[in-house]
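Dumped target_10.cif below, it's mmCIF, C-alpha atoms and all ligand atoms:
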```cif
data_input
#
loop_
_atom_site.label_atom_id
_atom_site.label_comp_id
_atom_site.auth_asym_id
_atom_site.auth_seq_id
_atom_site.Cartn_x
_atom_site.Cartn_y
_atom_site.Cartn_z
CA MET A 18 -17.61 -4.20 -0.64
CA ILE A 19 -14.83 -5.48 1.58
CA ARG A 20 -13.37 -2.89 3.92
CA THR A 21 -10.83 -2.99 6.74
CA HIS A 22 -11.45 -0.96 9.88
CA ILE A 23 -8.81 -0.23 12.49
CA GLU A 24 -10.10 -0.20 16.05
CA PRO A 25 -8.26 0.26 19.34
CA CYS A 26 -7.54 -2.95 21.21
CA ARG A 27 -8.38 -3.21 24.91
CA LEU A 28 -6.86 -6.62 25.36
CA ASN A 29 -4.29 -6.61 28.11
CA ARG A 30 -0.74 -6.37 26.93
CA THR A 31 0.52 -9.71 28.22
CA GLU A 32 -2.36 -11.55 26.64
CA ALA A 33 -1.95 -9.85 23.29
CA ASP A 34 1.80 -10.45 23.35
CA ALA A 35 1.27 -14.12 24.12
CA LEU A 36 -1.09 -14.56 21.17
CA ASN A 37 1.25 -12.93 18.68
CA ARG A 38 4.22 -14.76 20.10
CA ALA A 39 2.39 -18.04 19.59
CA SER A 40 1.69 -17.08 15.97
CA GLY A 41 5.31 -16.11 15.45
CA GLU A 42 6.47 -19.38 16.92
CA ARG A 43 4.38 -21.48 14.53
CA TYR A 44 5.51 -19.43 11.56
CA THR A 45 9.16 -19.75 12.58
CA GLN A 46 8.90 -23.50 13.10
CA VAL A 47 7.58 -23.96 9.58
CA ALA A 48 10.21 -21.66 8.08
CA VAL A 49 13.10 -23.30 9.93
CA PHE A 50 11.91 -26.81 9.08
CA HIS A 51 11.45 -25.88 5.46
CA TRP A 52 14.99 -24.54 5.04
CA ARG A 53 16.56 -27.29 7.10
CA THR A 54 14.94 -29.91 4.89
CA TYR A 55 16.05 -28.05 1.82
CA ARG A 56 19.64 -27.82 3.06
CA HIS A 57 19.86 -31.50 3.94
CA THR A 58 17.94 -33.12 1.14
CA GLY A 59 17.55 -30.49 -1.56
CA HIS A 60 13.85 -31.13 -1.38
CA TRP A 61 11.40 -28.23 -1.51
CA LEU A 62 8.66 -29.12 0.95
CA SER A 63 5.06 -28.74 -0.03
CA GLN A 64 2.90 -26.44 2.04
CA ASP A 65 0.70 -29.34 3.00
CA GLY A 66 3.63 -31.51 4.08
CA ALA A 67 5.20 -28.78 6.20
CA GLU A 68 1.93 -27.99 7.94
CA LYS A 69 1.21 -31.62 8.70
CA TRP A 70 4.70 -32.05 10.09
CA ASN A 71 4.29 -28.94 12.21
CA ASP A 72 0.99 -30.13 13.63
CA ARG A 73 2.59 -33.46 14.53
CA VAL A 74 5.52 -31.83 16.28
CA ASN A 75 3.19 -29.68 18.36
CA ALA A 76 0.77 -32.46 19.24
CA GLY A 77 0.30 -32.70 22.97
CA GLN A 78 1.80 -29.26 23.61
CA PRO A 79 -0.35 -26.64 25.33
CA VAL A 80 -1.98 -24.39 22.71
CA LEU A 81 -3.31 -20.89 22.86
CA LEU A 82 -4.60 -20.25 19.37
CA HIS A 83 -7.66 -21.43 17.50
CA THR A 84 -6.85 -24.17 14.97
CA HIS A 85 -7.50 -21.87 12.05
CA SER A 86 -5.39 -19.09 13.54
CA ILE A 87 -2.58 -21.65 13.67
CA ASP A 88 -3.24 -22.50 10.03
CA ALA A 89 -2.99 -18.84 9.16
CA ALA A 90 0.40 -18.55 10.86
CA GLN A 91 1.71 -21.63 9.06
CA GLN A 92 0.37 -20.49 5.72
CA GLY A 93 2.14 -17.17 6.17
CA PHE A 94 5.48 -18.66 5.22
CA TYR A 95 4.32 -20.26 1.97
CA LYS A 96 2.35 -17.18 1.05
CA ALA A 97 5.55 -15.16 1.37
CA CYS A 98 7.36 -17.78 -0.75
CA LYS A 99 4.74 -17.43 -3.43
CA THR A 100 5.11 -13.65 -3.51
CA ALA A 101 8.89 -13.96 -3.71
CA ARG A 102 8.58 -16.45 -6.56
CA ARG A 103 6.30 -14.14 -8.47
CA TYR A 104 8.84 -11.31 -8.20
CA ARG A 105 11.68 -13.62 -9.17
CA ASN A 106 9.78 -14.84 -12.21
CA VAL A 107 9.65 -11.32 -13.56
CA GLY A 108 13.38 -10.93 -13.16
CA LEU A 109 13.68 -9.24 -9.77
CA ASP A 110 16.26 -10.29 -7.24
CA THR A 111 13.92 -11.07 -4.36
CA ARG A 112 14.98 -13.30 -1.49
CA TYR A 113 12.76 -16.06 -0.24
CA PRO A 114 11.54 -15.47 3.35
CA TYR A 115 14.18 -16.69 5.77
CA LYS A 116 13.86 -14.63 8.92
CA ARG A 117 12.52 -15.92 12.17
CA GLN A 118 9.56 -14.00 13.53
CA LYS A 119 9.34 -13.61 17.26
CA HIS A 120 5.96 -11.94 17.01
CA ARG A 121 3.49 -12.23 14.22
CA THR A 122 0.03 -10.81 13.63
CA THR A 123 -2.59 -13.28 14.83
CA ILE A 124 -5.37 -13.85 12.34
CA TRP A 125 -8.87 -15.07 13.05
CA LYS A 126 -10.59 -16.48 10.02
CA GLN A 127 -14.33 -16.45 9.61
CA THR A 128 -14.56 -19.87 11.24
CA GLY A 129 -13.05 -18.54 14.46
CA ILE A 130 -15.36 -15.53 14.69
CA ARG A 131 -18.86 -15.54 16.12
CA ARG A 132 -21.21 -12.66 16.59
CA GLU A 133 -23.41 -12.25 19.65
CA GLY A 134 -25.44 -9.10 19.19
CA ASP A 135 -22.96 -6.24 19.30
CA THR A 136 -20.10 -8.40 20.49
CA LEU A 137 -17.55 -10.22 18.39
CA VAL A 138 -16.43 -13.48 19.93
CA LEU A 139 -12.96 -14.61 18.85
CA ALA A 140 -12.21 -18.25 19.56
CA ARG A 141 -8.96 -19.39 21.10
CA ALA A 142 -7.79 -22.95 21.60
CA GLN A 143 -10.28 -25.44 22.91
CA GLY A 144 -10.93 -25.01 26.63
CA LEU A 145 -9.77 -21.40 26.72
CA PRO A 146 -12.31 -18.59 27.11
CA PRO A 147 -12.79 -16.63 23.87
CA ILE A 148 -11.89 -12.98 23.41
CA ARG A 149 -14.79 -10.57 23.29
CA ILE A 150 -14.74 -7.29 21.41
CA THR A 151 -17.60 -4.83 21.55
CA LEU A 152 -18.31 -3.76 18.00
CA PRO A 153 -18.13 0.00 17.56
CA GLU A 154 -21.34 1.62 16.43
CA HIS A 155 -20.35 2.15 12.80
CA LEU A 156 -19.69 -1.58 12.36
CA ARG A 157 -22.92 -2.84 13.85
CA ASN A 158 -24.89 -3.15 10.64
CA VAL A 159 -22.25 -4.73 8.42
CA LEU A 160 -23.21 -7.87 6.52
CA ALA A 161 -20.43 -10.09 7.83
CA VAL A 162 -17.07 -10.00 9.57
CA ARG A 163 -14.59 -11.80 7.33
CA GLU A 164 -11.40 -11.66 9.30
CA VAL A 165 -9.93 -10.11 12.43
CA ARG A 166 -6.23 -9.41 12.92
CA LEU A 167 -4.36 -8.45 16.04
CA ILE A 168 -1.78 -5.95 14.88
CA TYR A 169 0.99 -4.30 16.82
CA ASP A 170 1.53 -0.71 15.78
CA ARG A 171 5.23 -0.07 16.13
CA SER A 172 4.99 3.69 16.05
CA LYS A 173 2.31 3.90 18.71
CA ARG A 174 3.59 0.89 20.59
CA ARG A 175 0.09 -0.44 21.11
CA TYR A 176 -2.11 -3.16 19.71
CA PHE A 177 -4.97 -2.56 17.31
CA TRP A 178 -7.70 -4.73 15.85
CA HIS A 179 -7.97 -4.77 12.09
CA ILE A 180 -11.50 -5.87 11.36
CA VAL A 181 -12.25 -6.92 7.78
CA VAL A 182 -15.93 -6.60 6.99
CA GLU A 183 -18.29 -7.12 4.10
CA THR A 184 -20.23 -3.86 4.21
CA GLY A 185 -23.07 -5.09 2.04
CA LYS A 186 -22.96 -1.81 0.12
CA GLN A 187 -22.78 -1.86 -3.66
CA PRO A 188 -20.32 0.35 -5.55
CA LYS A 189 -21.90 3.58 -6.74
CA SER A 190 -22.76 4.07 -10.39
CA ALA A 191 -20.14 5.98 -12.34
CA PRO A 192 -20.40 9.78 -12.21
CA GLY A 193 -20.15 10.04 -16.01
CA THR A 194 -18.82 8.44 -19.17
CA ASN A 195 -15.73 10.55 -19.81
CA VAL A 196 -12.21 9.20 -19.86
CA VAL A 197 -9.95 11.05 -17.46
CA ALA A 198 -6.20 10.48 -17.66
CA VAL A 199 -4.03 10.45 -14.55
CA ASP A 200 -0.29 11.02 -14.65
CA LEU A 201 1.54 10.12 -11.47
CA GLY A 202 4.67 12.13 -10.93
CA GLU A 203 7.54 12.76 -8.61
CA VAL A 204 7.15 16.48 -7.99
CA HIS A 205 3.38 16.73 -8.18
CA PRO A 206 1.86 13.45 -7.10
CA ALA A 207 -0.83 13.50 -9.80
CA ALA A 208 -2.07 15.45 -12.81
CA LEU A 209 -5.46 14.88 -14.42
CA SER A 210 -6.78 15.72 -17.83
CA ASP A 211 -10.07 15.16 -19.60
CA GLY A 212 -8.70 16.48 -22.90
CA ARG A 213 -9.68 20.07 -22.25
CA HIS A 214 -8.98 21.01 -18.66
CA THR A 215 -5.96 20.05 -16.59
CA VAL A 216 -5.93 19.71 -12.83
CA ILE A 217 -2.66 19.29 -11.02
CA ILE A 218 -2.76 17.87 -7.53
CA THR A 219 0.05 19.29 -5.46
CA CYS A 220 1.23 18.08 -2.11
CA ARG A 221 4.45 19.72 -0.99
CA GLU A 222 4.18 17.91 2.33
CA LEU A 223 4.69 14.60 0.57
CA ARG A 224 8.00 15.75 -0.84
CA SER A 225 9.24 17.53 2.25
CA GLN A 226 8.31 14.43 4.19
CA ARG A 227 10.56 12.35 1.94
CA GLN A 228 13.40 14.83 2.22
CA TYR A 229 13.07 15.06 5.99
CA THR A 230 13.13 11.27 6.32
CA ALA A 231 16.38 11.03 4.38
CA LYS A 232 17.99 13.84 6.36
CA ARG A 233 17.01 12.57 9.79
CA LEU A 234 17.96 9.03 8.89
CA ALA A 235 21.42 10.18 7.91
CA GLU A 236 21.76 11.98 11.26
CA LEU A 237 20.74 8.92 13.22
CA ARG A 238 23.08 6.69 11.23
CA GLN A 239 25.90 9.13 11.88
CA GLN A 240 25.24 8.93 15.63
CA GLN A 241 25.09 5.17 15.42
CA SER A 242 28.41 4.90 13.65
CA ALA A 243 30.17 6.12 16.80
CA TYR A 244 29.27 2.90 18.60
CA LYS A 245 30.37 -0.64 18.09
CA ARG A 246 28.00 -2.63 15.95
CA GLY A 247 25.78 -4.81 18.12
CA SER A 248 26.59 -2.97 21.38
CA ARG A 249 23.86 -1.88 23.77
CA ARG A 250 23.92 1.74 22.60
CA TRP A 251 24.08 0.74 18.97
CA LYS A 252 20.99 -1.43 19.42
CA ARG A 253 19.16 1.33 21.21
CA LEU A 254 19.75 3.65 18.26
CA GLN A 255 18.73 0.93 15.84
CA LYS A 256 15.43 0.67 17.66
CA ARG A 257 14.97 4.40 17.33
CA ILE A 258 15.75 4.26 13.62
CA ASN A 259 13.24 1.48 13.05
CA ARG A 260 10.55 3.31 14.91
CA PHE A 261 11.28 6.55 13.05
CA LEU A 262 11.12 4.85 9.65
CA TYR A 263 7.89 3.15 10.59
CA GLN A 264 6.35 6.43 11.66
CA GLN A 265 7.42 8.17 8.48
CA ALA A 266 6.05 5.35 6.35
CA LYS A 267 2.72 5.69 8.10
CA ARG A 268 2.61 9.44 7.54
CA THR A 269 3.46 9.02 3.88
CA ARG A 270 0.77 6.42 3.50
CA ASP A 271 -1.74 8.69 5.12
CA MET A 272 -0.87 11.52 2.75
CA GLU A 273 -1.04 9.21 -0.25
CA HIS A 274 -4.53 8.27 0.80
CA LYS A 275 -5.50 11.92 0.91
CA VAL A 276 -3.95 12.53 -2.49
CA SER A 277 -5.76 9.57 -4.01
CA ARG A 278 -9.03 10.77 -2.49
CA GLU A 279 -8.50 14.13 -4.17
CA VAL A 280 -7.67 12.43 -7.47
CA ILE A 281 -10.91 10.47 -7.38
CA ASN A 282 -13.00 13.47 -6.32
CA THR A 283 -11.51 15.50 -9.15
CA ALA A 284 -12.07 12.70 -11.66
CA ALA A 285 -15.66 12.39 -10.48
CA ALA A 286 -16.15 16.13 -10.90
CA MET A 287 -14.88 15.74 -14.49
CA GLY A 288 -17.58 13.13 -15.05
CA ALA A 289 -15.24 10.16 -15.29
CA GLY A 290 -16.42 6.68 -16.19
CA VAL A 291 -12.89 5.46 -16.82
CA THR A 292 -9.55 6.66 -15.50
CA ALA A 293 -6.48 5.91 -17.56
CA ILE A 294 -3.40 5.76 -15.39
CA GLY A 295 0.10 6.14 -16.79
CA ASP A 296 2.18 3.04 -16.39
CA VAL A 297 5.93 3.49 -15.98
CA ARG A 298 7.38 0.08 -16.65
CA ASP A 299 10.78 0.67 -15.17
CA ALA A 300 11.27 -2.87 -14.07
CA ALA A 301 10.08 -4.19 -17.40
CA ASP A 302 12.65 -2.16 -19.29
CA LYS A 303 15.59 -3.84 -17.61
CA VAL A 304 14.71 -7.41 -18.48
CA LYS A 305 13.13 -8.90 -21.53
CA LEU A 306 9.77 -10.23 -20.58
CA GLY A 307 6.96 -12.11 -22.14
CA LYS A 308 3.52 -10.67 -22.38
CA LYS A 309 2.33 -12.44 -19.28
CA SER A 310 5.14 -11.21 -17.07
CA ASN A 311 4.54 -7.72 -18.33
CA GLN A 312 1.01 -7.93 -17.13
CA LYS A 313 2.19 -9.12 -13.76
CA ILE A 314 4.50 -6.18 -13.43
CA ALA A 315 1.71 -3.86 -14.37
CA ASN A 316 -0.16 -5.10 -11.37
CA TRP A 317 2.23 -4.06 -8.70
CA SER A 318 5.27 -2.05 -9.64
CA HIS A 319 3.92 1.42 -9.32
CA GLY A 320 3.42 1.73 -5.73
CA LYS A 321 0.79 2.40 -3.26
CA LEU A 322 -0.61 5.55 -4.75
CA ARG A 323 -1.89 3.83 -7.85
CA GLN A 324 -3.28 1.02 -5.77
CA SER A 325 -5.23 3.33 -3.55
CA ILE A 326 -6.52 5.28 -6.56
CA THR A 327 -7.74 2.04 -8.15
CA TYR A 328 -9.38 0.95 -4.94
CA LYS A 329 -11.19 4.22 -4.35
CA ALA A 330 -12.22 4.44 -8.01
CA GLU A 331 -13.86 1.06 -7.74
CA ALA A 332 -16.07 2.21 -4.89
CA GLU A 333 -17.18 5.19 -6.99
CA GLY A 334 -18.02 2.97 -9.93
CA ILE A 335 -15.11 4.30 -12.01
CA GLN A 336 -13.04 1.79 -13.98
CA THR A 337 -9.27 2.05 -14.14
CA GLU A 338 -7.09 1.26 -17.09
CA LEU A 339 -3.32 1.17 -17.39
CA VAL A 340 -1.79 3.01 -20.30
CA SER A 341 1.84 2.98 -21.41
CA GLU A 342 3.65 6.15 -20.44
CA ARG A 343 6.18 5.94 -23.26
CA PHE A 344 6.99 9.37 -24.71
CA THR A 345 4.01 10.96 -22.96
CA SER A 346 6.22 13.52 -21.26
CA GLN A 347 8.09 14.38 -24.46
CA THR A 348 5.54 14.62 -27.22
CA CYS A 349 4.03 17.95 -28.23
CA PRO A 350 0.23 17.70 -28.17
CA GLN A 351 -0.12 20.25 -30.96
CA CYS A 352 2.28 19.04 -33.64
CA GLY A 353 3.41 15.66 -32.33
CA SER A 354 7.14 16.35 -32.41
CA ARG A 355 9.28 15.04 -29.60
CA ARG A 356 11.75 16.74 -27.29
CA LYS A 357 12.94 16.29 -23.74
CA PRO A 358 11.47 18.92 -21.44
CA ARG A 359 13.71 20.92 -19.12
CA GLY A 360 12.38 22.07 -15.77
CA ARG A 361 8.68 22.12 -15.00
CA GLY A 362 7.53 23.66 -18.27
CA TYR A 363 7.40 22.26 -21.78
CA THR A 364 7.89 24.40 -24.85
CA CYS A 365 7.80 22.92 -28.32
CA GLY A 366 10.65 23.93 -30.60
CA GLN A 367 8.61 23.23 -33.74
CA CYS A 368 5.29 24.96 -33.19
CA GLY A 369 5.84 26.99 -30.05
CA PHE A 370 3.26 25.22 -27.91
CA SER A 371 3.94 25.65 -24.21
CA GLY A 372 2.36 24.18 -21.12
CA HIS A 373 2.93 22.55 -17.77
CA ARG A 374 5.00 19.39 -17.97
CA ASP A 375 2.78 17.24 -15.74
CA GLY A 376 -0.36 18.41 -17.47
CA LEU A 377 1.26 17.44 -20.76
CA GLY A 378 1.87 13.95 -19.42
CA ALA A 379 -1.78 13.57 -18.50
CA VAL A 380 -3.16 14.79 -21.82
CA ASN A 381 -0.77 12.51 -23.72
CA ILE A 382 -1.82 9.53 -21.63
CA LEU A 383 -5.37 10.34 -22.63
CA SER A 384 -4.25 10.48 -26.24
CA VAL A 385 -2.62 7.05 -25.95
CA GLN A 386 -5.78 5.64 -24.43
CA GLN A 387 -7.99 7.08 -27.19
CA HIS A 388 -5.77 6.97 -30.27
CA GLY A 389 -2.96 4.59 -29.33
CA THR A 390 -0.26 7.23 -29.59
CA PRO A 391 0.65 10.46 -27.74
CA GLY A 392 0.32 13.88 -29.33
CA ARG A 393 -3.18 13.65 -30.78
CA ILE A 394 -5.10 15.66 -28.22
CA CYS A 395 -4.38 19.31 -27.50
CA PRO A 396 -5.71 20.78 -24.25
CA THR A 397 -7.75 23.92 -24.78
CA GLY A 398 -9.07 24.63 -21.30
CA SER A 399 -7.63 25.90 -18.08
CA THR A 400 -4.98 24.48 -15.76
CA THR A 401 -5.81 24.53 -12.06
CA TYR A 402 -4.03 23.39 -8.94
CA ARG A 403 -5.58 21.54 -6.05
CA ILE A 404 -4.26 20.59 -2.65
CA PRO A 405 -5.73 17.47 -1.06
CA HIS A 406 -8.51 18.43 1.29
CA GLN A 407 -7.22 17.44 4.73
CA VAL A 408 -3.62 18.32 3.96
CA ARG A 409 -4.70 21.91 3.35
CA VAL A 410 -5.82 22.28 6.96
CA LEU A 411 -2.48 21.04 8.21
CA ARG A 412 -0.34 23.13 5.95
CA SER A 413 0.38 26.18 8.09
CA PRO A 414 1.21 24.48 11.40
CA LEU A 415 3.45 22.02 9.60
CA ASN A 416 5.41 24.76 7.91
CA THR A 417 5.71 27.13 10.84
CA GLY A 418 6.84 24.44 13.22
CA GLY A 419 3.79 25.07 15.42
CA GLN A 420 1.82 22.52 17.40
CA LEU A 421 0.41 19.75 15.27
CA PRO A 422 -3.29 19.21 15.58
CA GLU A 423 -4.23 15.78 16.89
CA ALA A 424 -5.47 14.58 13.51
CA ALA A 425 -2.07 15.12 11.93
CA VAL A 426 -0.31 12.57 14.05
CA LEU A 427 -1.41 9.42 12.35
ZN ZN B 1 4.65 21.35 -31.29
#
```
Translate this file's structure into structure tokens.
Amino acid sequence: MIRTHIEPCRLNRTEADALNRASGERYTQVAVFHWRTYRHTGHWLSQDGAEKWNDRVNAGQPVLLHTHSIDAAQQGFYKACKTARRYRNVGLDTRYPYKRQKHRTTIWKQTGIRREGDTLVLARAQGLPPIRITLPEHLRNVLAVREVRLIYDRSKRRYFWHIVVETGKQPKSAPGTNVVAVDLGEVHPAALSDGRHTVIITCRELRSQRQYTAKRLAELRQQQSAYKRGSRRWKRLQKRINRFLYQQAKRTRDMEHKVSREVINTAAAMGAGVTAIGDVRDAADKVKLGKKSNQKIANWSHGKLRQSITYKAEAEGIQTELVSERFTSQTCPQCGSRRKPRGRGYTCGQCGFSGHRDGLGAVNILSVQQHGTPGRICPTGSTTYRIPHQVRVLRSPLNTGGQLPEAAVL
């Protein structure tokens, strides 16, 4: 399995800055040249052509980076173009990359990485001494190091190494053969159902986090509006806003990881072999798409939470399947009639069935997976609530405004 580990970076600041500035410079050169050519001639440069041109322009200049790290920086632009094109092809209004990058993550590919015992040796340009990193203990018996990235963490204002390794471990065998449906929601991040029992994963922190971000952002913007756009004070506030948003995004991501861990643990406890995840095709509803584009959308539009569930499921040997969410929140599991639910509960006007709205979504997703339509499976078991493991520990200090434990500040 491929895994990425984040390790503190002891490289001195000037050196690290210089590396990432060099990467940014190469990226920017390619981007600027690409758009300039396009403006003047209407010709869309090929990746190969742009890279060759860029190498020629820089010939004879002093270099800092390993040849393949330079390649990685150049390729960055066309990779971003490709992503933008994919989004545009499915009808989204995505801009092609156009910004200059003063700093950019430096990437060492496998060819630039050597291992000497417990030390990783990262090559720089010819003639320059390589960078040495002592491998932390937990990474010493990995099969191979695939890639190393030098990443600047904007919230901590420090550099980190992201080390991509092949662990050599095989995925586990599935904990069972059951199908467990997962409904991702706005209020409760996830609800699970195996057809009998329902488990609802709650994480109030995730919501309050979102609300707090919006509120604080509005405050900062209000403060900023008192100054002239582009002035020194305005810029200082802009910096603060950027850093704040970055921090919040990191916290949210951390919580989503904890939620997805809980989802997988719960699914495993239900003896899952397959998880069926509800697929809200919002983007697909707006534009008419072919079958292929629909599949593309299914691969990315539902956010990080689904991605991290899929990824963790894989390691546990559980397969994931996407199932259409159409009418799953409206159909009665007992009689199959449809009505829009109000509030958190669902009560059927035809047969009187009542249950939790999110749990209903999950059981109907299961029904779609098994029978092709919602409303065929009626839950008979209990409904329980679970709070993601690590979030539980943090709950009281977060709510009382007390001191945050170290682990909470991620
Ligand atoms: Zn009913």
Any chance you could tabulate, as a Markdown table, the residues of chain A at most 12 Å from ligand ZN 1 (chain B) with each one's nearest atom pair and distance in Å to one decimal, using all atoms listed in the file, in chain and rising number order?
```
| residue | atom | partner | partner_atom | distance |
| --- | --- | --- | --- | --- |
| A:Gln347 | CA | B:ZN1 | ZN | 10.3 |
| A:Thr348 | CA | B:ZN1 | ZN | 7.9 |
| A:Cys349 | CA | B:ZN1 | ZN | 4.6 |
| A:Pro350 | CA | B:ZN1 | ZN | 6.5 |
| A:Gln351 | CA | B:ZN1 | ZN | 4.9 |
| A:Cys352 | CA | B:ZN1 | ZN | 4.1 |
| A:Gly353 | CA | B:ZN1 | ZN | 5.9 |
| A:Ser354 | CA | B:ZN1 | ZN | 5.7 |
| A:Arg355 | CA | B:ZN1 | ZN | 8.0 |
| A:Arg356 | CA | B:ZN1 | ZN | 9.4 |
| A:Tyr363 | CA | B:ZN1 | ZN | 9.9 |
| A:Thr364 | CA | B:ZN1 | ZN | 7.8 |
| A:Cys365 | CA | B:ZN1 | ZN | 4.6 |
| A:Gly366 | CA | B:ZN1 | ZN | 6.6 |
| A:Gln367 | CA | B:ZN1 | ZN | 5.0 |
| A:Cys368 | CA | B:ZN1 | ZN | 4.1 |
| A:Gly369 | CA | B:ZN1 | ZN | 5.9 |
| A:Phe370 | CA | B:ZN1 | ZN | 5.3 |
| A:Ser371 | CA | B:ZN1 | ZN | 8.3 |
| A:Gly372 | CA | B:ZN1 | ZN | 10.8 |
| A:Leu377 | CA | B:ZN1 | ZN | 11.7 |
| A:Gly392 | CA | B:ZN1 | ZN | 8.9 |
| A:Arg393 | CA | B:ZN1 | ZN | 11.0 |
| A:Ile394 | CA | B:ZN1 | ZN | 11.7 |
| A:Cys395 | CA | B:ZN1 | ZN | 10.0 |
```
Could those selected residues go to a file with C-alpha atoms, as an mmCIF file, in the coordinates of the input?
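And here is the file that came out, part.cif:
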```
data_model
loop_
_atom_site.group_PDB
_atom_site.id
_atom_site.type_symbol
_atom_site.label_atom_id
_atom_site.label_comp_id
_atom_site.auth_asym_id
_atom_site.auth_seq_id
_atom_site.Cartn_x
_atom_site.Cartn_y
_atom_site.Cartn_z
ATOM 1 C CA GLN A 347 8.090 14.380 -24.460
ATOM 2 C CA THR A 348 5.540 14.620 -27.220
ATOM 3 C CA CYS A 349 4.030 17.950 -28.230
ATOM 4 C CA PRO A 350 0.230 17.700 -28.170
ATOM 5 C CA GLN A 351 -0.120 20.250 -30.960
ATOM 6 C CA CYS A 352 2.280 19.040 -33.640
ATOM 7 C CA GLY A 353 3.410 15.660 -32.330
ATOM 8 C CA SER A 354 7.140 16.350 -32.410
ATOM 9 C CA ARG A 355 9.280 15.040 -29.600
ATOM 10 C CA ARG A 356 11.750 16.740 -27.290
ATOM 11 C CA TYR A 363 7.400 22.260 -21.780
ATOM 12 C CA THR A 364 7.890 24.400 -24.850
ATOM 13 C CA CYS A 365 7.800 22.920 -28.320
ATOM 14 C CA GLY A 366 10.650 23.930 -30.600
ATOM 15 C CA GLN A 367 8.610 23.230 -33.740
ATOM 16 C CA CYS A 368 5.290 24.960 -33.190
ATOM 17 C CA GLY A 369 5.840 26.990 -30.050
ATOM 18 C CA PHE A 370 3.260 25.220 -27.910
ATOM 19 C CA SER A 371 3.940 25.650 -24.210
ATOM 20 C CA GLY A 372 2.360 24.180 -21.120
ATOM 21 C CA LEU A 377 1.260 17.440 -20.760
ATOM 22 C CA GLY A 392 0.320 13.880 -29.330
ATOM 23 C CA ARG A 393 -3.180 13.650 -30.780
ATOM 24 C CA ILE A 394 -5.100 15.660 -28.220
ATOM 25 C CA CYS A 395 -4.380 19.310 -27.500
#
```
List as an mmCIF file with C-alpha atoms, in the coordinates of the input the residues having at least one atom at most 12 Å from position (14.5, 4.5, 14.0) as given in the file, counting all atoms listed in the file.
```cif
data_model
loop_
_atom_site.group_PDB
_atom_site.id
_atom_site.type_symbol
_atom_site.label_atom_id
_atom_site.label_comp_id
_atom_site.auth_asym_id
_atom_site.auth_seq_id
_atom_site.Cartn_x
_atom_site.Cartn_y
_atom_site.Cartn_z
ATOM 1 C CA ARG A 171 5.230 -0.070 16.130
ATOM 2 C CA SER A 172 4.990 3.690 16.050
ATOM 3 C CA THR A 230 13.130 11.270 6.320
ATOM 4 C CA ALA A 231 16.380 11.030 4.380
ATOM 5 C CA ARG A 233 17.010 12.570 9.790
ATOM 6 C CA LEU A 234 17.960 9.030 8.890
ATOM 7 C CA ALA A 235 21.420 10.180 7.910
ATOM 8 C CA GLU A 236 21.760 11.980 11.260
ATOM 9 C CA LEU A 237 20.740 8.920 13.220
ATOM 10 C CA ARG A 238 23.080 6.690 11.230
ATOM 11 C CA GLN A 240 25.240 8.930 15.630
ATOM 12 C CA GLN A 241 25.090 5.170 15.420
ATOM 13 C CA TRP A 251 24.080 0.740 18.970
ATOM 14 C CA LYS A 252 20.990 -1.430 19.420
ATOM 15 C CA ARG A 253 19.160 1.330 21.210
ATOM 16 C CA LEU A 254 19.750 3.650 18.260
ATOM 17 C CA GLN A 255 18.730 0.930 15.840
ATOM 18 C CA LYS A 256 15.430 0.670 17.660
ATOM 19 C CA ARG A 257 14.970 4.400 17.330
ATOM 20 C CA ILE A 258 15.750 4.260 13.620
ATOM 21 C CA ASN A 259 13.240 1.480 13.050
ATOM 22 C CA ARG A 260 10.550 3.310 14.910
ATOM 23 C CA PHE A 261 11.280 6.550 13.050
ATOM 24 C CA LEU A 262 11.120 4.850 9.650
ATOM 25 C CA TYR A 263 7.890 3.150 10.590
ATOM 26 C CA GLN A 264 6.350 6.430 11.660
ATOM 27 C CA GLN A 265 7.420 8.170 8.480
ATOM 28 C CA ALA A 266 6.050 5.350 6.350
#
```
Checklist entry - Which polymer residues, protein or nucleic acid, are no farther than 12 Å from (-13.3, 17.2, -13.9), counting only C-alpha atoms, as a count of residues only? => result 36
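Restricting the calculation to only C-alpha atoms, the smallest distance between His205 of chain A and any of A:Val182, A:Ile150, A:Ala379, A:Val385 is found for A:Ala379.
The nearest approach to Ser225 of chain A among the residues A:Met272, A:Cys26, A:Ala293, A:Ile19, with only C-alpha atoms taken into account, belongs to A:Met272.
Among A:Arg227, A:His388, A:Arg30, A:Lys357, the residue with the shortest atom-to-atom distance to Arg175 of chain A, counting all atoms listed in the file, is A:Arg30.
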Checklist entry - Which one is closest to Pro79 of chain A: A:Ser346, A:Gln387, A:Asn158, A:Gln143? Count all atoms listed in the file. => result A:Gln143
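Picture a line from atom CA of Thr54 of chain A to atom CA of Asp88 of chain A; it runs 20.3 Å.
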Next on the checklist: Set the distance at 9 Å and use only C-alpha atoms: which residues neighbour Lys189 of chain A once local chain neighbours fewer than 4 positions away are removed? I'd like the list as an MDAnalysis selection string.
Outcome noted: chainID A and resid 331:335
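Note that the spacing between atom CA of His155 of chain A and atom CA of Leu28 of chain A amounts to 20.4 Å.
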Next on the checklist: For His406 of chain A, find every residue with an atom within 10 Å (counting all atoms listed in the file), except residues of its own chain fewer than 5 positions away, and show them as a PyMOL selection string.
Outcome noted: chain A and resi 275-276+278-279+411
Written file, previous selection with C-alpha atoms, as a PDB file, keeping the file's coordinate frame:
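Result written to result.pdb:
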```
ATOM      1  CA  LYS A 275      -5.500  11.920   0.910  1.00  0.00           C
ATOM      2  CA  VAL A 276      -3.950  12.530  -2.490  1.00  0.00           C
ATOM      3  CA  ARG A 278      -9.030  10.770  -2.490  1.00  0.00           C
ATOM      4  CA  GLU A 279      -8.500  14.130  -4.170  1.00  0.00           C
ATOM      5  CA  LEU A 411      -2.480  21.040   8.210  1.00  0.00           C
TER       6      LEU A 411
END
```
